[in-house]
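Source file query37.tsv; content: TSV, C-alpha atoms.
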chain	number	residue	atom	x	y	z
C	620	MET	CA	-155.43	-130.66	37.92
C	621	ASP	CA	-153.66	-129.32	34.84
C	622	ALA	CA	-150.19	-130.82	34.77
C	623	PHE	CA	-148.97	-128.15	32.36
C	624	ALA	CA	-150.31	-125.29	34.46
C	625	LEU	CA	-148.53	-126.80	37.44
C	626	VAL	CA	-145.22	-126.44	35.66
C	627	ASP	CA	-146.05	-123.05	34.17
C	628	GLY	CA	-146.83	-121.67	37.61
C	629	PHE	CA	-143.52	-122.83	38.97
C	630	ASP	CA	-141.47	-119.85	40.16
C	631	VAL	CA	-137.86	-120.95	40.26
C	632	ASP	CA	-136.77	-118.02	42.41
C	633	LYS	CA	-139.41	-118.57	45.05
C	634	ALA	CA	-139.56	-122.34	45.08
C	635	ALA	CA	-138.47	-124.30	48.11
C	636	VAL	CA	-135.21	-126.17	48.07
C	637	PRO	CA	-135.92	-129.48	46.32
C	638	THR	CA	-135.90	-132.57	48.47
C	639	ASN	CA	-134.06	-135.73	47.73
C	640	ASP	CA	-136.85	-138.17	48.52
C	641	ALA	CA	-136.29	-140.09	45.29
C	642	ALA	CA	-132.66	-140.69	46.13
C	643	GLY	CA	-133.46	-143.81	48.15
C	644	VAL	CA	-134.33	-145.84	45.08
C	645	ASP	CA	-130.69	-145.86	44.04
C	646	VAL	CA	-128.55	-148.14	46.22
C	647	ARG	CA	-125.65	-145.80	45.76
C	648	GLU	CA	-127.69	-142.98	47.28
C	649	LEU	CA	-129.20	-144.93	50.17
C	650	TYR	CA	-126.80	-143.34	52.63
C	651	ARG	CA	-128.55	-140.01	52.13
C	652	THR	CA	-131.69	-141.25	53.84
C	653	ALA	CA	-130.03	-143.72	56.22
C	654	PRO	CA	-130.54	-143.11	59.95
C	655	PRO	CA	-128.04	-140.61	61.29
C	656	MET	CA	-124.86	-141.87	62.88
C	657	GLU	CA	-123.64	-139.31	65.33
C	658	GLY	CA	-121.88	-139.33	68.65
C	659	GLU	CA	-118.98	-137.87	70.53
C	660	ARG	CA	-115.56	-139.49	70.46
C	661	VAL	CA	-115.14	-142.05	73.24
C	662	ALA	CA	-111.74	-143.58	72.37
C	663	GLY	CA	-108.74	-141.30	72.10
C	664	GLY	CA	-106.49	-143.15	69.66
C	665	LEU	CA	-102.75	-143.72	69.91
C	666	PRO	CA	-100.24	-140.90	70.35
C	667	VAL	CA	-97.90	-139.78	67.60
C	668	GLY	CA	-94.53	-141.51	67.88
C	669	THR	CA	-96.06	-144.90	68.74
C	670	PRO	CA	-95.04	-147.85	66.58
C	671	ALA	CA	-98.15	-148.73	64.55
C	672	PRO	CA	-99.55	-152.10	65.72
C	673	ASP	CA	-99.27	-154.71	62.99
C	674	PHE	CA	-102.44	-156.37	61.73
C	675	SER	CA	-103.46	-159.12	59.40
C	676	LEU	CA	-106.86	-158.53	57.80
C	677	PRO	CA	-108.62	-159.65	54.61
C	678	ASP	CA	-109.57	-157.19	51.88
C	679	ALA	CA	-112.75	-157.45	49.80
C	680	SER	CA	-111.24	-160.19	47.67
C	681	GLY	CA	-110.23	-162.25	50.72
C	682	ARG	CA	-106.55	-161.54	50.27
C	683	VAL	CA	-104.83	-161.08	53.63
C	684	VAL	CA	-103.10	-157.73	54.03
C	685	ARG	CA	-100.57	-157.00	56.76
C	686	LEU	CA	-99.31	-153.59	57.76
C	687	SER	CA	-95.79	-155.02	57.70
C	688	ASP	CA	-96.28	-155.71	53.96
C	689	PHE	CA	-95.84	-151.96	53.50
C	690	ARG	CA	-92.68	-151.52	55.54
C	691	GLY	CA	-90.49	-149.16	53.56
C	692	ARG	CA	-93.41	-147.05	52.33
C	693	PRO	CA	-95.79	-144.70	54.11
C	694	VAL	CA	-99.38	-145.71	54.79
C	695	ALA	CA	-102.57	-143.72	55.43
C	696	LEU	CA	-104.83	-145.88	57.60
C	697	VAL	CA	-108.45	-144.77	57.68
C	698	PHE	CA	-110.70	-146.28	60.34
C	699	TYR	CA	-114.36	-145.58	59.63
C	700	PRO	CA	-117.46	-146.80	61.51
C	701	LEU	CA	-119.37	-148.89	58.97
C	702	ASP	CA	-120.06	-149.38	55.27
C	703	TRP	CA	-123.43	-148.03	54.08
C	704	SER	CA	-123.83	-145.54	56.90
C	705	PRO	CA	-124.22	-141.81	56.40
C	706	GLY	CA	-121.06	-139.73	56.37
C	707	CYS	CA	-118.66	-142.64	55.96
C	708	SER	CA	-119.51	-142.90	52.34
C	709	VAL	CA	-118.41	-139.41	51.57
C	710	GLN	CA	-115.15	-139.75	53.46
C	711	LEU	CA	-114.14	-142.70	51.31
C	712	ASP	CA	-115.51	-140.94	48.21
C	713	LEU	CA	-113.50	-137.84	49.03
C	714	TYR	CA	-110.31	-139.87	49.34
C	715	GLN	CA	-111.04	-141.67	46.09
C	716	GLN	CA	-111.69	-138.35	44.34
C	717	GLU	CA	-108.45	-136.97	45.78
C	718	ILE	CA	-106.43	-140.19	45.43
C	719	ALA	CA	-103.72	-138.28	43.56
C	720	GLU	CA	-102.82	-136.49	46.80
C	721	PHE	CA	-101.89	-139.90	48.25
C	722	GLU	CA	-100.44	-141.58	45.17
C	723	SER	CA	-98.26	-138.65	44.13
C	724	ARG	CA	-96.56	-138.90	47.51
C	725	GLY	CA	-96.13	-142.68	47.33
C	726	ILE	CA	-98.56	-143.17	50.21
C	727	GLN	CA	-100.67	-146.33	50.36
C	728	LEU	CA	-104.26	-145.56	51.34
C	729	ILE	CA	-106.16	-148.25	53.29
C	730	GLY	CA	-109.67	-148.23	54.78
C	731	ILE	CA	-110.64	-150.41	57.76
C	732	SER	CA	-114.03	-151.12	59.32
C	733	ALA	CA	-115.68	-153.99	61.17
C	734	ASP	CA	-117.78	-154.98	58.14
C	735	SER	CA	-117.46	-158.33	56.38
C	736	ILE	CA	-115.44	-158.69	53.19
C	737	TYR	CA	-118.69	-159.15	51.25
C	738	SER	CA	-120.08	-155.87	52.48
C	739	HIS	CA	-116.78	-154.21	51.57
C	740	GLY	CA	-116.96	-155.67	48.07
C	741	ALA	CA	-120.49	-154.38	47.45
C	742	TRP	CA	-119.77	-151.05	49.06
C	743	ALA	CA	-116.57	-150.46	47.09
C	744	ALA	CA	-118.37	-151.46	43.87
C	745	VAL	CA	-121.27	-149.03	44.27
C	746	ARG	CA	-119.03	-146.19	45.47
C	747	GLY	CA	-116.27	-146.76	42.93
C	748	ILE	CA	-113.63	-147.15	45.64
C	749	ARG	CA	-110.46	-148.71	44.29
C	750	TYR	CA	-108.13	-148.65	47.29
C	751	PRO	CA	-108.23	-151.64	49.68
C	752	LEU	CA	-110.92	-151.88	52.34
C	753	LEU	CA	-109.91	-154.28	55.12
C	754	SER	CA	-112.32	-156.27	57.21
C	755	ASP	CA	-111.79	-156.03	61.00
C	756	PHE	CA	-114.58	-158.56	61.38
C	757	HIS	CA	-113.27	-161.44	63.45
C	758	PRO	CA	-112.36	-161.16	66.22
C	759	LYS	CA	-114.56	-158.13	65.73
C	760	GLY	CA	-112.74	-154.83	66.08
C	761	GLU	CA	-109.46	-156.39	67.21
C	762	THR	CA	-107.38	-154.03	65.08
C	763	ALA	CA	-109.44	-150.99	66.02
C	764	ARG	CA	-108.90	-151.92	69.68
C	765	ALA	CA	-105.14	-152.15	69.08
C	766	TYR	CA	-105.28	-148.61	67.68
C	767	ASN	CA	-107.48	-147.45	70.57
C	768	VAL	CA	-110.34	-146.38	68.33
C	769	TRP	CA	-112.93	-149.03	69.19
C	770	ARG	CA	-116.34	-147.94	70.47
C	771	VAL	CA	-117.22	-150.82	72.78
C	772	ARG	CA	-120.83	-149.81	73.27
C	773	ASN	CA	-121.50	-149.37	69.54
C	774	GLY	CA	-119.61	-152.30	68.07
C	775	PHE	CA	-117.83	-150.15	65.51
C	776	SER	CA	-114.81	-147.90	65.44
C	777	GLU	CA	-114.27	-144.20	65.72
C	778	ARG	CA	-113.60	-142.26	62.55
C	779	ALA	CA	-109.84	-141.95	62.66
C	780	VAL	CA	-106.92	-141.38	60.33
C	781	TYR	CA	-103.38	-142.53	61.12
C	782	LEU	CA	-100.43	-141.59	58.97
C	783	ILE	CA	-97.65	-144.14	59.36
C	784	ASP	CA	-94.16	-143.49	58.04
C	785	ASP	CA	-92.00	-145.91	56.09
C	786	GLU	CA	-90.56	-147.32	59.32
C	787	GLY	CA	-93.97	-148.15	60.76
C	788	VAL	CA	-94.21	-145.28	63.23
C	789	ILE	CA	-97.38	-143.21	63.67
C	790	ARG	CA	-96.54	-139.65	62.55
C	791	TRP	CA	-100.00	-138.09	62.49
C	792	ALA	CA	-103.26	-139.11	64.13
C	793	HIS	CA	-106.74	-137.67	63.96
C	794	VAL	CA	-109.71	-139.16	65.82
C	795	SER	CA	-112.83	-137.22	64.86
C	796	PRO	CA	-114.41	-135.44	67.85
C	797	GLN	CA	-117.80	-136.30	66.34
C	798	LEU	CA	-118.43	-139.52	64.43
C	799	HIS	CA	-119.80	-137.74	61.38
C	800	HIS	CA	-116.93	-135.23	61.18
C	801	LEU	CA	-114.06	-135.66	58.73
C	802	PRO	CA	-110.61	-134.19	59.23
C	803	ASP	CA	-110.05	-131.05	57.18
C	804	PHE	CA	-108.60	-132.24	53.89
C	805	ASP	CA	-106.15	-129.37	53.58
C	806	GLU	CA	-104.72	-130.26	57.00
C	807	LEU	CA	-104.57	-133.89	55.96
C	808	VAL	CA	-102.69	-132.99	52.76
C	809	ALA	CA	-100.22	-130.93	54.79
C	810	ALA	CA	-99.67	-133.98	57.00
C	811	LEU	CA	-99.31	-136.27	53.96
C	812	GLU	CA	-96.51	-134.02	52.81
C	813	THR	CA	-94.58	-134.76	56.04
C	814	ILE	CA	-94.62	-138.56	55.57
C	815	LYS	CA	-94.30	-138.80	51.80
C	816	ALA	CA	-91.96	-141.38	50.34
C	817	PRO	CA	-88.47	-140.08	49.50
C	818	GLU	CA	-88.85	-141.24	45.90
C	819	THR	CA	-92.47	-140.71	44.95
C	820	GLY	CA	-94.46	-142.20	42.15
C	821	SER	CA	-94.55	-145.91	43.08
C	822	ALA	CA	-97.76	-147.67	42.11
C	823	PRO	CA	-100.00	-148.39	45.11
C	824	ILE	CA	-101.66	-151.77	45.51
C	825	GLU	CA	-105.14	-151.99	44.08
C	826	SER	CA	-107.06	-154.90	45.50
C	827	GLU	CA	-109.39	-154.86	42.52
C	828	GLY	CA	-106.58	-155.70	40.14
C	829	GLU	CA	-105.46	-158.72	42.12
C	830	ARG	CA	-108.78	-160.46	42.23
C	831	GLN	CA	-108.22	-163.05	39.57
U	415	MET	CA	-125.02	-112.19	44.88
U	416	THR	CA	-125.49	-110.86	48.37
U	417	LEU	CA	-128.18	-113.11	49.73
U	418	PHE	CA	-126.19	-113.87	52.86
U	419	ASP	CA	-122.89	-112.57	54.06
U	420	VAL	CA	-120.29	-114.63	52.28
U	421	MET	CA	-116.57	-115.08	52.60
U	422	ALA	CA	-114.13	-115.16	49.75
U	423	PRO	CA	-112.62	-118.60	49.21
U	424	THR	CA	-108.96	-119.15	49.98
U	425	ARG	CA	-107.89	-122.52	48.67
U	426	PRO	CA	-104.24	-122.90	47.72
U	427	MET	CA	-103.94	-126.10	45.76
U	428	ALA	CA	-101.05	-127.50	43.77
U	429	GLU	CA	-103.00	-128.53	40.70
U	430	ARG	CA	-105.46	-125.66	40.63
U	431	ALA	CA	-106.45	-124.95	37.03
U	432	ALA	CA	-106.28	-121.60	35.34
U	433	ARG	CA	-109.28	-119.57	36.44
U	434	GLN	CA	-112.28	-120.02	34.19
U	435	ALA	CA	-114.07	-116.90	33.12
U	436	VAL	CA	-117.33	-117.71	34.85
U	437	ASP	CA	-120.16	-115.24	35.22
U	438	VAL	CA	-122.58	-117.55	37.00
U	439	PRO	CA	-122.65	-116.90	40.75
U	440	VAL	CA	-121.76	-120.00	42.76
U	441	ALA	CA	-121.93	-120.26	46.54
U	442	ILE	CA	-121.36	-123.17	48.91
U	443	TYR	CA	-122.93	-123.15	52.35
U	444	GLY	CA	-121.28	-126.02	54.18
U	445	ASN	CA	-119.12	-127.23	57.03
U	446	ASN	CA	-115.37	-127.77	57.02
U	447	TRP	CA	-115.84	-131.23	58.57
U	448	CYS	CA	-118.35	-132.31	55.91
U	449	GLY	CA	-117.16	-134.64	53.16
U	450	ILE	CA	-119.52	-133.37	50.47
U	451	THR	CA	-118.45	-129.80	51.21
U	452	GLN	CA	-114.80	-130.76	50.89
U	453	MET	CA	-115.38	-132.74	47.69
U	454	THR	CA	-117.35	-129.91	46.13
U	455	ARG	CA	-114.82	-127.25	47.01
U	456	ARG	CA	-111.86	-129.23	45.76
U	457	ALA	CA	-113.61	-130.09	42.48
U	458	LEU	CA	-114.40	-126.42	41.86
U	459	ASP	CA	-110.88	-125.39	42.86
U	460	ARG	CA	-109.36	-127.88	40.49
U	461	ALA	CA	-111.57	-126.68	37.65
U	462	GLY	CA	-110.66	-123.07	38.40
U	463	ILE	CA	-114.27	-122.08	39.10
U	464	GLU	CA	-114.67	-119.25	41.57
U	465	TYR	CA	-117.24	-119.50	44.33
U	466	HIS	CA	-118.22	-118.00	47.63
U	467	TYR	CA	-117.96	-120.19	50.69
U	468	VAL	CA	-119.86	-119.81	53.95
U	469	ASP	CA	-118.69	-121.91	56.89
U	470	LEU	CA	-121.99	-122.64	58.65
U	471	ASP	CA	-120.25	-123.39	61.96
U	472	ARG	CA	-119.16	-119.77	61.97
U	473	HIS	CA	-122.49	-118.47	60.67
U	474	PRO	CA	-125.30	-120.19	62.61
U	475	ASP	CA	-127.66	-117.37	61.58
U	476	VAL	CA	-127.16	-118.31	57.92
U	477	ASN	CA	-127.76	-121.94	58.82
U	478	ARG	CA	-131.09	-121.01	60.41
U	479	LYS	CA	-132.15	-119.09	57.31
U	480	LEU	CA	-131.23	-122.02	55.09
U	481	GLN	CA	-133.31	-124.35	57.24
U	482	LEU	CA	-136.26	-122.00	56.73
U	483	LEU	CA	-135.63	-122.05	53.00
U	484	GLY	CA	-135.61	-125.86	53.06
U	485	ARG	CA	-138.68	-126.05	55.31
U	486	GLY	CA	-136.53	-127.64	58.01
U	487	ARG	CA	-135.44	-130.47	55.75
U	488	ALA	CA	-132.41	-128.82	54.22
U	489	ARG	CA	-129.33	-130.98	54.28
U	490	THR	CA	-126.04	-129.23	53.91
U	491	PRO	CA	-124.05	-128.36	52.00
U	492	LEU	CA	-126.44	-126.21	50.03
U	493	VAL	CA	-124.95	-125.10	46.75
U	494	TYR	CA	-126.28	-122.12	44.84
U	495	VAL	CA	-125.66	-122.10	41.09
U	496	GLY	CA	-127.07	-119.10	39.25
U	497	GLY	CA	-130.57	-119.15	40.75
U	498	GLU	CA	-130.72	-122.86	41.45
U	499	TRP	CA	-130.36	-124.43	44.91
U	500	LEU	CA	-128.78	-127.86	45.13
U	501	MET	CA	-129.01	-129.87	48.32
U	502	ALA	CA	-125.94	-131.92	49.23
U	503	PRO	CA	-125.34	-132.49	45.52
U	504	GLY	CA	-123.22	-135.23	44.06
U	505	LEU	CA	-120.67	-134.12	41.51
U	506	PRO	CA	-122.80	-135.20	38.51
U	507	GLN	CA	-125.67	-133.02	39.75
U	508	LEU	CA	-123.31	-130.08	40.23
U	509	GLN	CA	-121.80	-130.73	36.84
U	510	ARG	CA	-125.23	-130.60	35.19
U	511	ALA	CA	-126.19	-127.41	37.00
U	512	LEU	CA	-122.98	-125.69	35.91
U	513	ALA	CA	-123.32	-127.01	32.37
U	514	ARG	CA	-126.68	-125.25	32.10
U	515	HIS	CA	-124.68	-122.03	32.42
U	516	GLY	CA	-122.01	-123.19	30.01
U	517	VAL	CA	-119.46	-123.91	32.71
U	518	ASN	CA	-117.38	-127.08	32.60
U	519	LEU	CA	-116.58	-128.88	35.84

The structure in this file should be written as structure tokens.
Amino acid sequence: MDAFALVDGFDVDKAAVPTNDAAGVDVRELYRTAPPMEGERVAGGLPVGTPAPDFSLPDASGRVVRLSDFRGRPVALVFYPLDWSPGCSVQLDLYQQEIAEFESRGIQLIGISADSIYSHGAWAAVRGIRYPLLSDFHPKGETARAYNVWRVRNGFSERAVYLIDDEGVIRWAHVSPQLHHLPDFDELVAALETIKAPETGSAPIESEGERQ
Amino acid sequence: MTLFDVMAPTRPMAERAARQAVDVPVAIYGNNWCGITQMTRRALDRAGIEYHYVDLDRHPDVNRKLQLLGRGRARTPLVYVGGEWLMAPGLPQLQRALARHGVNL
């Protein structure tokens, strides 16, 4: 074989779409080749207008976070199935990339899954996620159950977004019809606009900064 | 660029940048519920880079053709940048592809 001829004969226009087989060597890219996580919605969530159930869960640094800590400011609560799984990663990445849409409206963004705090720490580090990820680990899924998004047979939650106003009432809810589906971000932004803080521009909590 | 039937993008966005004068054809074949599709579109919108967008849920025929192109292993979104096909690219990969055509993302 002539390695140079191999490259010379390469026709860019006719070549097949490149594969991503090498992606697996990078931990950050493992999700690309992880087994698929798909399934229809089984839990329907809570209706709009319901007072959001309070919770008390640790973030990646072990600090306990309560929903009631945020009374007086709106919260976007994102339930996702698991760290490291396909699909999830990009939802959290998307929200990190678009964090200004939350922060500019004074909305605190929070992720919740049934993973341990140590998994959350590693996951947030490799993905570059700077908003808090809470651990619904023990009793497992208790908070997801309270929000009616727990998948009993899977042991993880639905993919669901709740927007909670400054008085702790659910104003928008989206439980994905398929586990790997994200809500349309334009629709989410339109909903964010309806719960935004009256005076915007307050600095959201960053769990990373409170580690010391 | 008329490989498949494409739809013009409509993406109102508060912080959309002034449109860049870009002569490299860019097309995204994705799904509205897909995170990578949404990230890619918003990044291009913000940078003021024009692109065509094909919603594969509405164009299953296009999806079938793309699967042929990828020998059945194509993962969406597929992003076309001036002759180059990117499969579910991360932003750095997209950035590099655009940079090869002198376009800043």

Given a cut-off of 6 Å, which residues of chain U touch chain C, counting only C-alpha atoms, written out as a PDB file with C-alpha atoms, in the frame of the given file?
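Final output, result25.pdb:
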ATOM      1  CA  TRP U 447    -115.840-131.230  58.570  1.00  0.00           C
ATOM      2  CA  GLY U 449    -117.160-134.640  53.160  1.00  0.00           C
ATOM      3  CA  MET U 453    -115.380-132.740  47.690  1.00  0.00           C
ATOM      4  CA  GLY U 484    -135.610-125.860  53.060  1.00  0.00           C
TER       5      GLY U 484
END

- Message: Could you list, as JSON, numbers by chain, every residue within 10 Å of Asn445 in chain U, counting all atoms listed in the file and ignoring same-chain residues fewer than 4 positions away?
- Response: {"C": [800, 801, 803], "U": [449, 450, 451, 452, 467, 468, 469, 470, 471, 472, 490, 491]}

- Between C:Val768, C:Leu798, C:Pro693, C:Pro817, which one has atoms that come closest to Pro666 in chain C, using all atoms listed in the file? C:Val768

- Item | Non-local contacts of Ala511 in chain U (9 Å; only C-alpha atoms; under 3 positions in same chain excluded) as a list in words | Val495, Gly496, Glu498, Leu500, Pro506, Gln507, Leu508, Arg514, His515 and Val517 of chain U

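CA of Arg749 in chain C lies 16.1 Å from CA of Tyr699 in chain C.
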
- Task: Quick one: pull the distance between CA of Trp742 in chain C and CA of Ala679 in chain C, Å, one decimal.
- Result: 9.5 Å

- Query: Between U:Gly486, U:Pro503, U:Gln434, U:Asn477, which one has atoms that come closest to Arg455 in chain U, using only C-alpha atoms?
  - Reply: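 Counting only C-alpha atoms, the residue closest to Arg455 in chain U is U:Pro503.
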
- Item | Distance criterion (all atoms listed in the file): nearest to Arg685 in chain C out of C:Met620, C:Pro672, C:Arg724, C:Val667 |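 The closest residue to Arg685 in chain C is C:Pro672.
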
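Take CA of Leu728 in chain C and CA of Leu519 in chain U: the distance between them is 25.9 Å.
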